[in-house]
Structure formats: structure tokens, C-alpha cells
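Peer 1: data_5.cif is the file, holding mmCIF, N, CA and C atoms and all ligand atoms:
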data_work
#
loop_
_atom_site.label_atom_id
_atom_site.label_comp_id
_atom_site.auth_asym_id
_atom_site.auth_seq_id
_atom_site.Cartn_x
_atom_site.Cartn_y
_atom_site.Cartn_z
N MET A 28 -4.58 11.89 -2.54
CA MET A 28 -4.99 11.17 -1.33
C MET A 28 -4.42 11.84 -0.08
N SER A 29 -3.92 13.04 -0.24
CA SER A 29 -3.30 13.70 0.91
C SER A 29 -4.27 13.83 2.06
N GLY A 30 -3.82 13.48 3.25
CA GLY A 30 -4.66 13.65 4.44
C GLY A 30 -5.49 12.44 4.81
N ILE A 31 -5.50 11.42 3.96
CA ILE A 31 -6.40 10.29 4.24
C ILE A 31 -6.00 9.54 5.52
N PHE A 32 -4.71 9.35 5.74
CA PHE A 32 -4.31 8.62 6.94
C PHE A 32 -4.55 9.46 8.20
N LYS A 33 -4.40 10.76 8.09
CA LYS A 33 -4.71 11.64 9.22
C LYS A 33 -6.21 11.54 9.55
N LYS A 34 -7.03 11.47 8.53
CA LYS A 34 -8.48 11.33 8.75
C LYS A 34 -8.80 9.98 9.39
N ILE A 35 -8.05 8.95 8.99
CA ILE A 35 -8.23 7.63 9.62
C ILE A 35 -7.85 7.70 11.09
N ILE A 36 -6.71 8.29 11.38
CA ILE A 36 -6.25 8.41 12.78
C ILE A 36 -7.30 9.16 13.61
N ASP A 37 -7.86 10.20 13.03
CA ASP A 37 -8.84 11.03 13.76
C ASP A 37 -10.25 10.44 13.76
N GLY A 38 -10.41 9.29 13.11
CA GLY A 38 -11.72 8.63 13.10
C GLY A 38 -12.72 9.26 12.14
N GLU A 39 -12.24 10.14 11.25
CA GLU A 39 -13.15 10.77 10.28
C GLU A 39 -13.44 9.84 9.10
N ILE A 40 -12.50 8.91 8.86
CA ILE A 40 -12.69 7.87 7.85
C ILE A 40 -12.54 6.54 8.59
N PRO A 41 -13.44 5.58 8.34
CA PRO A 41 -13.34 4.32 9.08
C PRO A 41 -12.11 3.50 8.69
N SER A 42 -11.64 2.71 9.65
CA SER A 42 -10.53 1.80 9.35
C SER A 42 -10.70 0.58 10.23
N TYR A 43 -9.96 -0.47 9.88
CA TYR A 43 -9.95 -1.68 10.69
C TYR A 43 -8.72 -1.62 11.58
N LYS A 44 -8.93 -1.09 12.77
CA LYS A 44 -7.79 -0.84 13.69
C LYS A 44 -7.22 -2.14 14.23
N VAL A 45 -5.90 -2.26 14.21
CA VAL A 45 -5.26 -3.44 14.82
C VAL A 45 -4.41 -3.07 16.03
N ALA A 46 -4.03 -1.79 16.16
CA ALA A 46 -3.20 -1.39 17.30
C ALA A 46 -3.18 0.13 17.39
N GLU A 47 -3.00 0.61 18.62
CA GLU A 47 -2.90 2.07 18.79
C GLU A 47 -2.24 2.35 20.12
N ASP A 48 -1.44 3.41 20.15
CA ASP A 48 -1.03 3.99 21.43
C ASP A 48 -1.11 5.50 21.28
N ASP A 49 -0.54 6.25 22.18
CA ASP A 49 -0.74 7.70 22.11
C ASP A 49 -0.07 8.33 20.89
N ARG A 50 0.92 7.67 20.30
CA ARG A 50 1.67 8.31 19.20
C ARG A 50 1.59 7.59 17.86
N TYR A 51 1.06 6.36 17.87
CA TYR A 51 1.07 5.56 16.64
C TYR A 51 -0.27 4.84 16.47
N TYR A 52 -0.54 4.49 15.21
CA TYR A 52 -1.81 3.84 14.88
C TYR A 52 -1.53 2.79 13.80
N ALA A 53 -2.19 1.65 13.90
CA ALA A 53 -2.02 0.60 12.87
C ALA A 53 -3.39 0.07 12.47
N PHE A 54 -3.56 -0.16 11.17
CA PHE A 54 -4.86 -0.58 10.63
C PHE A 54 -4.62 -1.44 9.40
N LEU A 55 -5.65 -2.22 9.06
CA LEU A 55 -5.50 -3.12 7.91
C LEU A 55 -5.48 -2.34 6.60
N ASP A 56 -4.56 -2.73 5.73
CA ASP A 56 -4.55 -2.18 4.37
C ASP A 56 -5.81 -2.66 3.67
N ILE A 57 -6.51 -1.74 3.03
CA ILE A 57 -7.80 -2.03 2.40
C ILE A 57 -7.64 -2.86 1.12
N ASN A 58 -6.41 -2.94 0.63
CA ASN A 58 -6.15 -3.67 -0.61
C ASN A 58 -4.97 -4.62 -0.35
N PRO A 59 -5.22 -5.66 0.45
CA PRO A 59 -4.09 -6.41 1.05
C PRO A 59 -3.41 -7.44 0.14
N LEU A 60 -2.13 -7.58 0.40
CA LEU A 60 -1.37 -8.65 -0.25
C LEU A 60 -1.62 -9.98 0.44
N ALA A 61 -1.99 -9.93 1.71
CA ALA A 61 -2.26 -11.14 2.49
C ALA A 61 -3.21 -10.75 3.62
N LYS A 62 -3.88 -11.75 4.17
CA LYS A 62 -4.76 -11.47 5.30
C LYS A 62 -3.91 -10.96 6.47
N GLY A 63 -4.27 -9.81 7.01
CA GLY A 63 -3.50 -9.23 8.10
C GLY A 63 -2.54 -8.15 7.65
N HIS A 64 -2.45 -7.91 6.34
CA HIS A 64 -1.57 -6.83 5.82
C HIS A 64 -1.95 -5.52 6.52
N THR A 65 -0.98 -4.98 7.21
CA THR A 65 -1.22 -3.84 8.12
C THR A 65 -0.37 -2.65 7.72
N LEU A 66 -0.92 -1.47 7.94
CA LEU A 66 -0.16 -0.23 7.78
C LEU A 66 0.02 0.38 9.16
N ALA A 67 1.23 0.79 9.49
CA ALA A 67 1.49 1.44 10.78
C ALA A 67 1.99 2.85 10.51
N VAL A 68 1.40 3.81 11.22
CA VAL A 68 1.70 5.22 10.96
C VAL A 68 1.95 5.96 12.27
N PRO A 69 2.79 6.99 12.22
CA PRO A 69 2.85 7.91 13.37
C PRO A 69 1.65 8.84 13.30
N LYS A 70 1.16 9.28 14.45
CA LYS A 70 0.02 10.20 14.44
C LYS A 70 0.42 11.59 13.95
N VAL A 71 1.68 11.93 14.15
CA VAL A 71 2.16 13.21 13.63
C VAL A 71 2.22 13.11 12.10
N VAL A 72 1.84 14.21 11.43
CA VAL A 72 1.80 14.17 9.97
C VAL A 72 3.14 14.61 9.39
N VAL A 73 3.83 13.64 8.84
CA VAL A 73 5.08 13.88 8.10
C VAL A 73 4.96 13.03 6.84
N ASP A 74 5.22 13.60 5.69
CA ASP A 74 4.98 12.87 4.44
C ASP A 74 5.87 11.64 4.27
N TYR A 75 7.15 11.83 4.55
CA TYR A 75 8.13 10.82 4.16
C TYR A 75 8.75 10.18 5.40
N LEU A 76 8.69 8.86 5.45
CA LEU A 76 9.16 8.13 6.63
C LEU A 76 10.53 8.59 7.10
N PHE A 77 11.44 8.76 6.15
CA PHE A 77 12.82 9.05 6.53
C PHE A 77 13.05 10.52 6.87
N ASP A 78 11.96 11.31 6.83
CA ASP A 78 12.02 12.69 7.35
C ASP A 78 11.52 12.79 8.79
N LEU A 79 11.06 11.67 9.36
CA LEU A 79 10.61 11.72 10.76
C LEU A 79 11.78 12.10 11.66
N ASP A 80 11.49 12.80 12.75
CA ASP A 80 12.58 13.05 13.71
C ASP A 80 12.99 11.71 14.31
N ALA A 81 14.23 11.66 14.80
CA ALA A 81 14.82 10.39 15.21
C ALA A 81 13.99 9.68 16.28
N GLU A 82 13.42 10.44 17.18
CA GLU A 82 12.66 9.84 18.28
C GLU A 82 11.35 9.22 17.78
N THR A 83 10.65 9.94 16.91
CA THR A 83 9.40 9.41 16.36
C THR A 83 9.68 8.18 15.49
N TYR A 84 10.79 8.26 14.76
CA TYR A 84 11.19 7.16 13.88
C TYR A 84 11.49 5.90 14.70
N SER A 85 12.30 6.05 15.75
CA SER A 85 12.63 4.85 16.52
C SER A 85 11.41 4.37 17.30
N GLY A 86 10.55 5.31 17.73
CA GLY A 86 9.31 4.93 18.41
C GLY A 86 8.40 4.12 17.50
N LEU A 87 8.36 4.50 16.23
CA LEU A 87 7.53 3.75 15.28
C LEU A 87 8.03 2.30 15.18
N PHE A 88 9.35 2.14 15.18
CA PHE A 88 9.88 0.78 15.06
C PHE A 88 9.66 -0.03 16.34
N ALA A 89 9.65 0.63 17.49
CA ALA A 89 9.30 -0.07 18.74
C ALA A 89 7.83 -0.50 18.68
N PHE A 90 6.99 0.39 18.14
CA PHE A 90 5.55 0.09 18.01
C PHE A 90 5.34 -1.09 17.05
N ILE A 91 5.99 -1.08 15.89
CA ILE A 91 5.74 -2.16 14.93
C ILE A 91 6.33 -3.50 15.38
N LYS A 92 7.29 -3.44 16.29
CA LYS A 92 7.79 -4.70 16.87
C LYS A 92 6.63 -5.40 17.59
N LYS A 93 5.86 -4.62 18.33
CA LYS A 93 4.70 -5.18 19.04
C LYS A 93 3.60 -5.58 18.06
N VAL A 94 3.35 -4.74 17.07
CA VAL A 94 2.29 -5.07 16.10
C VAL A 94 2.66 -6.38 15.38
N SER A 95 3.92 -6.52 15.03
CA SER A 95 4.36 -7.73 14.33
C SER A 95 4.18 -8.97 15.20
N ALA A 96 4.46 -8.82 16.49
CA ALA A 96 4.26 -9.96 17.41
C ALA A 96 2.77 -10.32 17.45
N ALA A 97 1.92 -9.30 17.47
CA ALA A 97 0.47 -9.56 17.48
C ALA A 97 0.03 -10.22 16.18
N LEU A 98 0.61 -9.77 15.08
CA LEU A 98 0.28 -10.37 13.77
C LEU A 98 0.69 -11.84 13.74
N LYS A 99 1.88 -12.11 14.29
CA LYS A 99 2.40 -13.47 14.25
C LYS A 99 1.54 -14.39 15.11
N SER A 100 1.07 -13.88 16.24
CA SER A 100 0.23 -14.71 17.12
C SER A 100 -1.15 -14.95 16.53
N SER A 101 -1.66 -13.98 15.79
CA SER A 101 -3.07 -14.09 15.39
C SER A 101 -3.28 -14.59 13.97
N THR A 102 -2.24 -14.58 13.16
CA THR A 102 -2.41 -15.12 11.80
C THR A 102 -1.50 -16.34 11.67
N ALA A 103 -1.85 -17.22 10.76
CA ALA A 103 -1.05 -18.43 10.61
C ALA A 103 0.13 -18.14 9.68
N CYS A 104 1.00 -17.22 10.12
CA CYS A 104 2.10 -16.85 9.23
C CYS A 104 3.42 -17.41 9.76
N LYS A 105 4.39 -17.49 8.85
CA LYS A 105 5.71 -17.98 9.22
C LYS A 105 6.56 -16.82 9.72
N SER A 106 6.31 -15.65 9.16
CA SER A 106 7.11 -14.48 9.47
C SER A 106 6.29 -13.25 9.11
N VAL A 107 6.78 -12.09 9.52
CA VAL A 107 6.11 -10.85 9.13
C VAL A 107 7.11 -10.01 8.32
N GLY A 108 6.71 -9.68 7.11
CA GLY A 108 7.58 -8.87 6.24
C GLY A 108 7.32 -7.39 6.46
N LEU A 109 8.38 -6.61 6.33
CA LEU A 109 8.29 -5.16 6.51
C LEU A 109 8.68 -4.48 5.20
N MET A 110 7.85 -3.53 4.80
CA MET A 110 8.12 -2.86 3.53
C MET A 110 7.79 -1.37 3.66
N VAL A 111 8.65 -0.55 3.06
CA VAL A 111 8.38 0.88 2.97
C VAL A 111 8.19 1.19 1.50
N TYR A 112 7.03 1.74 1.18
CA TYR A 112 6.76 2.06 -0.22
C TYR A 112 6.47 3.55 -0.31
N GLY A 113 5.28 3.93 0.13
CA GLY A 113 5.00 5.35 0.31
C GLY A 113 4.86 6.16 -0.96
N LEU A 114 4.53 5.51 -2.06
CA LEU A 114 4.41 6.25 -3.32
C LEU A 114 3.01 6.82 -3.53
N ASP A 115 2.03 6.30 -2.80
CA ASP A 115 0.65 6.75 -3.02
C ASP A 115 0.17 7.74 -1.96
N VAL A 116 0.41 7.42 -0.71
CA VAL A 116 -0.15 8.24 0.36
C VAL A 116 0.98 9.01 1.07
N PRO A 117 0.92 10.35 1.02
CA PRO A 117 2.00 11.15 1.62
C PRO A 117 1.81 11.33 3.13
N HIS A 118 1.84 10.23 3.85
CA HIS A 118 1.86 10.24 5.32
C HIS A 118 2.74 9.04 5.68
N ALA A 119 3.83 9.29 6.38
CA ALA A 119 4.80 8.23 6.65
C ALA A 119 4.10 6.96 7.14
N HIS A 120 4.45 5.84 6.54
CA HIS A 120 3.85 4.57 6.97
C HIS A 120 4.73 3.40 6.54
N VAL A 121 4.56 2.30 7.25
CA VAL A 121 5.22 1.05 6.84
C VAL A 121 4.16 -0.02 6.65
N HIS A 122 4.46 -0.93 5.75
CA HIS A 122 3.59 -2.08 5.51
C HIS A 122 4.13 -3.27 6.31
N LEU A 123 3.26 -3.98 6.99
CA LEU A 123 3.61 -5.23 7.67
C LEU A 123 2.76 -6.33 7.04
N VAL A 124 3.42 -7.32 6.47
CA VAL A 124 2.68 -8.34 5.72
C VAL A 124 2.99 -9.73 6.28
N PRO A 125 1.97 -10.43 6.78
CA PRO A 125 2.19 -11.82 7.22
C PRO A 125 2.64 -12.67 6.03
N LEU A 126 3.72 -13.42 6.23
CA LEU A 126 4.30 -14.21 5.13
C LEU A 126 4.14 -15.70 5.40
N LYS A 127 3.87 -16.44 4.33
CA LYS A 127 3.79 -17.90 4.45
C LYS A 127 5.14 -18.56 4.21
N GLY A 128 6.06 -17.81 3.61
CA GLY A 128 7.37 -18.38 3.30
C GLY A 128 7.42 -19.05 1.94
N ILE A 129 6.52 -18.65 1.05
CA ILE A 129 6.49 -19.29 -0.28
C ILE A 129 7.27 -18.48 -1.33
N GLY A 130 7.80 -17.33 -0.92
CA GLY A 130 8.61 -16.52 -1.84
C GLY A 130 7.80 -15.48 -2.58
N ASN A 131 8.44 -14.37 -2.92
CA ASN A 131 7.84 -13.29 -3.72
C ASN A 131 6.54 -12.74 -3.13
N GLU A 132 6.46 -12.73 -1.81
CA GLU A 132 5.19 -12.29 -1.19
C GLU A 132 5.14 -10.78 -0.94
N LEU A 133 6.32 -10.14 -0.96
CA LEU A 133 6.35 -8.68 -0.75
C LEU A 133 6.50 -7.98 -2.09
N ASN A 134 5.51 -8.17 -2.90
CA ASN A 134 5.59 -7.65 -4.27
C ASN A 134 4.25 -7.00 -4.61
N PHE A 135 4.27 -5.67 -4.77
CA PHE A 135 3.02 -4.97 -5.03
C PHE A 135 2.44 -5.26 -6.41
N SER A 136 3.18 -5.98 -7.24
CA SER A 136 2.62 -6.40 -8.52
C SER A 136 1.78 -7.66 -8.37
N ASN A 137 1.89 -8.31 -7.20
CA ASN A 137 1.08 -9.52 -6.98
C ASN A 137 -0.40 -9.15 -6.91
N PRO A 138 -1.27 -10.09 -7.29
CA PRO A 138 -2.70 -9.83 -7.11
C PRO A 138 -3.03 -9.64 -5.64
N ARG A 139 -3.92 -8.71 -5.35
CA ARG A 139 -4.35 -8.49 -3.96
C ARG A 139 -5.44 -9.50 -3.62
N ILE A 140 -5.59 -9.78 -2.33
CA ILE A 140 -6.67 -10.68 -1.93
C ILE A 140 -7.92 -9.85 -1.63
N SER A 141 -9.07 -10.48 -1.78
CA SER A 141 -10.27 -9.72 -1.44
C SER A 141 -10.92 -10.34 -0.20
N LEU A 142 -11.28 -9.47 0.71
CA LEU A 142 -11.90 -9.90 1.97
C LEU A 142 -13.24 -9.20 2.11
N THR A 143 -14.18 -9.86 2.73
CA THR A 143 -15.46 -9.20 3.02
C THR A 143 -15.25 -8.26 4.22
N PRO A 144 -16.17 -7.30 4.39
CA PRO A 144 -16.07 -6.44 5.58
C PRO A 144 -16.00 -7.26 6.87
N ASP A 145 -16.77 -8.35 6.94
CA ASP A 145 -16.72 -9.20 8.14
C ASP A 145 -15.35 -9.81 8.34
N GLU A 146 -14.74 -10.27 7.24
CA GLU A 146 -13.40 -10.87 7.36
C GLU A 146 -12.38 -9.83 7.79
N PHE A 147 -12.48 -8.62 7.25
CA PHE A 147 -11.57 -7.55 7.70
C PHE A 147 -11.74 -7.33 9.20
N LYS A 148 -13.00 -7.25 9.63
CA LYS A 148 -13.28 -6.93 11.04
C LYS A 148 -12.77 -8.04 11.96
N ILE A 149 -13.04 -9.29 11.59
CA ILE A 149 -12.61 -10.43 12.43
C ILE A 149 -11.08 -10.46 12.50
N THR A 150 -10.43 -10.23 11.35
CA THR A 150 -8.96 -10.24 11.32
C THR A 150 -8.40 -9.12 12.20
N ALA A 151 -8.93 -7.92 12.04
CA ALA A 151 -8.44 -6.78 12.82
C ALA A 151 -8.65 -7.01 14.31
N ASP A 152 -9.83 -7.50 14.67
CA ASP A 152 -10.12 -7.70 16.09
C ASP A 152 -9.20 -8.74 16.71
N SER A 153 -8.89 -9.79 15.94
CA SER A 153 -8.03 -10.83 16.52
C SER A 153 -6.60 -10.32 16.69
N ILE A 154 -6.14 -9.46 15.78
CA ILE A 154 -4.79 -8.88 15.95
C ILE A 154 -4.81 -7.92 17.14
N TYR A 155 -5.85 -7.11 17.23
CA TYR A 155 -5.95 -6.14 18.33
C TYR A 155 -5.95 -6.85 19.69
N LYS A 156 -6.67 -7.98 19.76
CA LYS A 156 -6.71 -8.75 21.02
C LYS A 156 -5.31 -9.18 21.45
N GLU A 157 -4.50 -9.58 20.48
CA GLU A 157 -3.12 -9.99 20.80
C GLU A 157 -2.28 -8.77 21.16
N PHE A 158 -2.51 -7.65 20.45
CA PHE A 158 -1.71 -6.44 20.70
C PHE A 158 -1.89 -5.96 22.14
N ILE A 159 -3.11 -5.95 22.62
CA ILE A 159 -3.33 -5.38 23.96
C ILE A 159 -2.80 -6.28 25.08
N LYS A 160 -2.43 -7.51 24.73
CA LYS A 160 -1.81 -8.39 25.74
C LYS A 160 -0.34 -8.05 25.95
N LEU A 161 0.25 -7.31 24.98
CA LEU A 161 1.71 -7.09 24.99
C LEU A 161 2.11 -5.91 25.87
P1 LIG A 201 1.93 3.36 -0.58
O1 LIG A 201 1.75 4.85 -0.26
O2 LIG A 201 2.50 3.16 -1.94
O3 LIG A 201 2.70 2.65 0.50
O4 LIG A 201 0.48 2.71 -0.64
C1 LIG A 201 -0.57 3.13 0.19
C2 LIG A 201 -1.33 1.93 0.73
O5 LIG A 201 -2.43 2.44 1.47
C3 LIG A 201 -1.91 1.00 -0.34
O6 LIG A 201 -1.48 -0.34 -0.08
C4 LIG A 201 -3.43 1.15 -0.18
O7 LIG A 201 -4.12 -0.06 -0.40
C5 LIG A 201 -3.55 1.63 1.25
N1 LIG A 201 -4.73 2.45 1.52
C6 LIG A 201 -5.13 3.55 0.84
N2 LIG A 201 -6.26 4.06 1.39
C7 LIG A 201 -6.58 3.25 2.43
C8 LIG A 201 -7.64 3.24 3.38
N3 LIG A 201 -8.62 4.16 3.39
N4 LIG A 201 -7.66 2.24 4.33
C9 LIG A 201 -6.69 1.31 4.33
N5 LIG A 201 -5.67 1.27 3.46
C10 LIG A 201 -5.61 2.22 2.51
#
Go ahead and render the structure in this file as C-alpha cells.

Peer 2:
Amino acid sequence: MSGIFKKIIDGEIPSYKVAEDDRYYAFLDINPLAKGHTLAVPKVVVDYLFDLDAETYSGLFAFIKKVSAALKSSTACKSVGLMVYGLDVPHAHVHLVPLKGIGNELNFSNPRISLTPDEFKITADSIYKEFIKL
């Protein structure tokens, strides 16, 4: 799957965008644990999150602070969980998952939810609307 997130950033592969600035991009995970499950990536291609230079790394966390606020405003969640997995796609990324507070929600062994393309689009657009207010 090498290069897939770079292709998403460049618009060569479609994605459900929830946030973007000049250095970072966030989009809905196509196989979500919860509605609004988002992946946030730096536009620079580095495989492993913890290999990012310090400035890009801290910038990513400033970016996801805003994305998380947008997620919290637009989804009926209690909190937003943050997870670093990175075992499938070699492009640094973090998972942001809206949580209901019922426990065991940040577990990739859990069944994924299925959403229609319309539901993905509506969810992404509502998060994006909140993001651009910040
Ligand atoms: P990991 O690298 O283990 O953090 O997992 C990669 C994540 O990327 C998985 O949760 C996938 O569902 C997600 N993913 C893979 N391809 C796409 C895509 N084209 N659009 C959105 N999410 C994707």
C-alpha cells in the first residue's frame, strides 16, 4: 500500500476530507471503528511517525488538536481517542476516533462500522465545516 496516502493528499485517489492546511491533511478512515474515525497525516512523506522531524511532529499535534475539536463539535461523542498504529500504511499518520465512553473503543479487533458513500460524505462535510471555523 506504499504511496496511497500521498496519492490521497495529491487528489489522485479520492478521500473524504475533514481538514487540511498547507502541511497536513485529515480524512475519514475507509474502514472506521466509529462514525468520524479520522486519519491525520503530514503532507511530507515519512514512513514512521516517530521519524518525523521535531517541527513537523509538533505541527501535526497542533493540527490534530483542531481536528479533534471539530470532531467533538460535529459528532455526538464524549471524547476523541488518539491512536498510533501504522502497521499497514507506511506514511506517518494518527487515528482520531470519536468515543462514546463505553470502553474498549480503541481496539482494531473490534468490528468496523459500515457507512454508505453518502454517510461518509455527510460526516466529512460536517467535520470540515467545524474545522474551518477554528
Ligand atoms: P495502520 O497503518 O495500521 O494505522 O492502518 C491504516 C488505516 O488506513 C486503516 O485503518 C485503513 O482502514 C485505512 N485506509 C487504508 N486505505 C485507505 C483509504 N484509501 N482511505 C481511507 N482510509 C484508508

Peer 1: Mind checking which residues fall within 7 Å of stretch 61-72 of chain A, counting only N, CA and C atoms, ignoring those fewer than 4 positions away in the same chain, and posting them as an MDAnalysis selection string?

Peer 2: chainID A and resid 33 36 49:57 87 91 98 102 118:125 139:140 150:151

Peer 1: Suppose we keep N, CA and C atoms; can you now write the selection as a PDB file, keeping the file's coordinate frame?

Peer 2:
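Heads up, here's the output in part30.pdb:
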ATOM      1  N   LYS A  33      -4.400  10.760   8.090  1.00  0.00           N
ATOM      2  CA  LYS A  33      -4.710  11.640   9.220  1.00  0.00           C
ATOM      3  C   LYS A  33      -6.210  11.540   9.550  1.00  0.00           C
ATOM      4  N   ILE A  36      -6.710   8.290  11.380  1.00  0.00           N
ATOM      5  CA  ILE A  36      -6.250   8.410  12.780  1.00  0.00           C
ATOM      6  C   ILE A  36      -7.300   9.160  13.610  1.00  0.00           C
ATOM      7  N   ASP A  49      -0.540   6.250  22.180  1.00  0.00           N
ATOM      8  CA  ASP A  49      -0.740   7.700  22.110  1.00  0.00           C
ATOM      9  C   ASP A  49      -0.070   8.330  20.890  1.00  0.00           C
ATOM     10  N   ARG A  50       0.920   7.670  20.300  1.00  0.00           N
ATOM     11  CA  ARG A  50       1.670   8.310  19.200  1.00  0.00           C
ATOM     12  C   ARG A  50       1.590   7.590  17.860  1.00  0.00           C
ATOM     13  N   TYR A  51       1.060   6.360  17.870  1.00  0.00           N
ATOM     14  CA  TYR A  51       1.070   5.560  16.640  1.00  0.00           C
ATOM     15  C   TYR A  51      -0.270   4.840  16.470  1.00  0.00           C
ATOM     16  N   TYR A  52      -0.540   4.490  15.210  1.00  0.00           N
ATOM     17  CA  TYR A  52      -1.810   3.840  14.880  1.00  0.00           C
ATOM     18  C   TYR A  52      -1.530   2.790  13.800  1.00  0.00           C
ATOM     19  N   ALA A  53      -2.190   1.650  13.900  1.00  0.00           N
ATOM     20  CA  ALA A  53      -2.020   0.600  12.870  1.00  0.00           C
ATOM     21  C   ALA A  53      -3.390   0.070  12.470  1.00  0.00           C
ATOM     22  N   PHE A  54      -3.560  -0.160  11.170  1.00  0.00           N
ATOM     23  CA  PHE A  54      -4.860  -0.580  10.630  1.00  0.00           C
ATOM     24  C   PHE A  54      -4.620  -1.440   9.400  1.00  0.00           C
ATOM     25  N   LEU A  55      -5.650  -2.220   9.060  1.00  0.00           N
ATOM     26  CA  LEU A  55      -5.500  -3.120   7.910  1.00  0.00           C
ATOM     27  C   LEU A  55      -5.480  -2.340   6.600  1.00  0.00           C
ATOM     28  N   ASP A  56      -4.560  -2.730   5.730  1.00  0.00           N
ATOM     29  CA  ASP A  56      -4.550  -2.180   4.370  1.00  0.00           C
ATOM     30  C   ASP A  56      -5.810  -2.660   3.670  1.00  0.00           C
ATOM     31  N   ILE A  57      -6.510  -1.740   3.030  1.00  0.00           N
ATOM     32  CA  ILE A  57      -7.800  -2.030   2.400  1.00  0.00           C
ATOM     33  C   ILE A  57      -7.640  -2.860   1.120  1.00  0.00           C
ATOM     34  N   LEU A  87       8.360   4.500  16.230  1.00  0.00           N
ATOM     35  CA  LEU A  87       7.530   3.750  15.280  1.00  0.00           C
ATOM     36  C   LEU A  87       8.030   2.300  15.180  1.00  0.00           C
ATOM     37  N   ILE A  91       5.990  -1.080  15.890  1.00  0.00           N
ATOM     38  CA  ILE A  91       5.740  -2.160  14.930  1.00  0.00           C
ATOM     39  C   ILE A  91       6.330  -3.500  15.380  1.00  0.00           C
ATOM     40  N   LEU A  98       0.610  -9.770  15.080  1.00  0.00           N
ATOM     41  CA  LEU A  98       0.280 -10.370  13.770  1.00  0.00           C
ATOM     42  C   LEU A  98       0.690 -11.840  13.740  1.00  0.00           C
ATOM     43  N   THR A 102      -2.240 -14.580  13.160  1.00  0.00           N
ATOM     44  CA  THR A 102      -2.410 -15.120  11.800  1.00  0.00           C
ATOM     45  C   THR A 102      -1.500 -16.340  11.670  1.00  0.00           C
ATOM     46  N   HIS A 118       1.840  10.230   3.850  1.00  0.00           N
ATOM     47  CA  HIS A 118       1.860  10.240   5.320  1.00  0.00           C
ATOM     48  C   HIS A 118       2.740   9.040   5.680  1.00  0.00           C
ATOM     49  N   ALA A 119       3.830   9.290   6.380  1.00  0.00           N
ATOM     50  CA  ALA A 119       4.800   8.230   6.650  1.00  0.00           C
ATOM     51  C   ALA A 119       4.100   6.960   7.140  1.00  0.00           C
ATOM     52  N   HIS A 120       4.450   5.840   6.540  1.00  0.00           N
ATOM     53  CA  HIS A 120       3.850   4.570   6.970  1.00  0.00           C
ATOM     54  C   HIS A 120       4.730   3.400   6.540  1.00  0.00           C
ATOM     55  N   VAL A 121       4.560   2.300   7.250  1.00  0.00           N
ATOM     56  CA  VAL A 121       5.220   1.050   6.840  1.00  0.00           C
ATOM     57  C   VAL A 121       4.160  -0.020   6.650  1.00  0.00           C
ATOM     58  N   HIS A 122       4.460  -0.930   5.750  1.00  0.00           N
ATOM     59  CA  HIS A 122       3.590  -2.080   5.510  1.00  0.00           C
ATOM     60  C   HIS A 122       4.130  -3.270   6.310  1.00  0.00           C
ATOM     61  N   LEU A 123       3.260  -3.980   6.990  1.00  0.00           N
ATOM     62  CA  LEU A 123       3.610  -5.230   7.670  1.00  0.00           C
ATOM     63  C   LEU A 123       2.760  -6.330   7.040  1.00  0.00           C
ATOM     64  N   VAL A 124       3.420  -7.320   6.470  1.00  0.00           N
ATOM     65  CA  VAL A 124       2.680  -8.340   5.720  1.00  0.00           C
ATOM     66  C   VAL A 124       2.990  -9.730   6.280  1.00  0.00           C
ATOM     67  N   PRO A 125       1.970 -10.430   6.780  1.00  0.00           N
ATOM     68  CA  PRO A 125       2.190 -11.820   7.220  1.00  0.00           C
ATOM     69  C   PRO A 125       2.640 -12.670   6.030  1.00  0.00           C
ATOM     70  N   ARG A 139      -3.920  -8.710  -5.350  1.00  0.00           N
ATOM     71  CA  ARG A 139      -4.350  -8.490  -3.960  1.00  0.00           C
ATOM     72  C   ARG A 139      -5.440  -9.500  -3.620  1.00  0.00           C
ATOM     73  N   ILE A 140      -5.590  -9.780  -2.330  1.00  0.00           N
ATOM     74  CA  ILE A 140      -6.670 -10.680  -1.930  1.00  0.00           C
ATOM     75  C   ILE A 140      -7.920  -9.850  -1.630  1.00  0.00           C
ATOM     76  N   THR A 150     -10.430 -10.230  11.350  1.00  0.00           N
ATOM     77  CA  THR A 150      -8.960 -10.240  11.320  1.00  0.00           C
ATOM     78  C   THR A 150      -8.400  -9.120  12.200  1.00  0.00           C
ATOM     79  N   ALA A 151      -8.930  -7.920  12.040  1.00  0.00           N
ATOM     80  CA  ALA A 151      -8.440  -6.780  12.820  1.00  0.00           C
ATOM     81  C   ALA A 151      -8.650  -7.010  14.310  1.00  0.00           C
TER      82      ALA A 151
END

Peer 1: Ligand LIG 201 (chain A): which residues are within 6 Å, counting only C-alpha atoms and all ligand atoms? Reply as a JSON list (two decimals) with N, CA and C atoms, in the coordinates of the input.

Peer 2:
[["chain", "number", "residue", "atom", "x", "y", "z"],
["A", 42, "SER", "N", -11.64, 2.71, 9.65],
["A", 42, "SER", "CA", -10.53, 1.80, 9.35],
["A", 42, "SER", "C", -10.70, 0.58, 10.23],
["A", 55, "LEU", "N", -5.65, -2.22, 9.06],
["A", 55, "LEU", "CA", -5.50, -3.12, 7.91],
["A", 55, "LEU", "C", -5.48, -2.34, 6.60],
["A", 56, "ASP", "N", -4.56, -2.73, 5.73],
["A", 56, "ASP", "CA", -4.55, -2.18, 4.37],
["A", 56, "ASP", "C", -5.81, -2.66, 3.67],
["A", 57, "ILE", "N", -6.51, -1.74, 3.03],
["A", 57, "ILE", "CA", -7.80, -2.03, 2.40],
["A", 57, "ILE", "C", -7.64, -2.86, 1.12],
["A", 58, "ASN", "N", -6.41, -2.94, 0.63],
["A", 58, "ASN", "CA", -6.15, -3.67, -0.61],
["A", 58, "ASN", "C", -4.97, -4.62, -0.35],
["A", 112, "TYR", "N", 7.03, 1.74, 1.18],
["A", 112, "TYR", "CA", 6.76, 2.06, -0.22],
["A", 112, "TYR", "C", 6.47, 3.55, -0.31],
["A", 113, "GLY", "N", 5.28, 3.93, 0.13],
["A", 113, "GLY", "CA", 5.00, 5.35, 0.31],
["A", 113, "GLY", "C", 4.86, 6.16, -0.96],
["A", 114, "LEU", "N", 4.53, 5.51, -2.06],
["A", 114, "LEU", "CA", 4.41, 6.25, -3.32],
["A", 114, "LEU", "C", 3.01, 6.82, -3.53],
["A", 115, "ASP", "N", 2.03, 6.30, -2.80],
["A", 115, "ASP", "CA", 0.65, 6.75, -3.02],
["A", 115, "ASP", "C", 0.17, 7.74, -1.96],
["A", 116, "VAL", "N", 0.41, 7.42, -0.71],
["A", 116, "VAL", "CA", -0.15, 8.24, 0.36],
["A", 116, "VAL", "C", 0.98, 9.01, 1.07]]

Peer 1: For the atom pair atom CA of A:Ser100 and atom N of A:Gly128, what is the interatomic distance in Å to one decimal place?

Peer 2: 15.0 Å

Peer 1: A:Phe32, A:Ser95, A:Leu142, A:Glu82: which is nearest A:Val45, counting only C-alpha atoms?

Peer 2: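 Of all the options, A:Ser95 lies closest to A:Val45.
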
Peer 1: Considering only C-alpha atoms, state which residue in the set A:Ala97, A:Val111, A:Ala103, A:Leu60 is at the smallest distance from A:Tyr75.

Peer 2: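 Distance minimum relative to A:Tyr75 lands on A:Val111.
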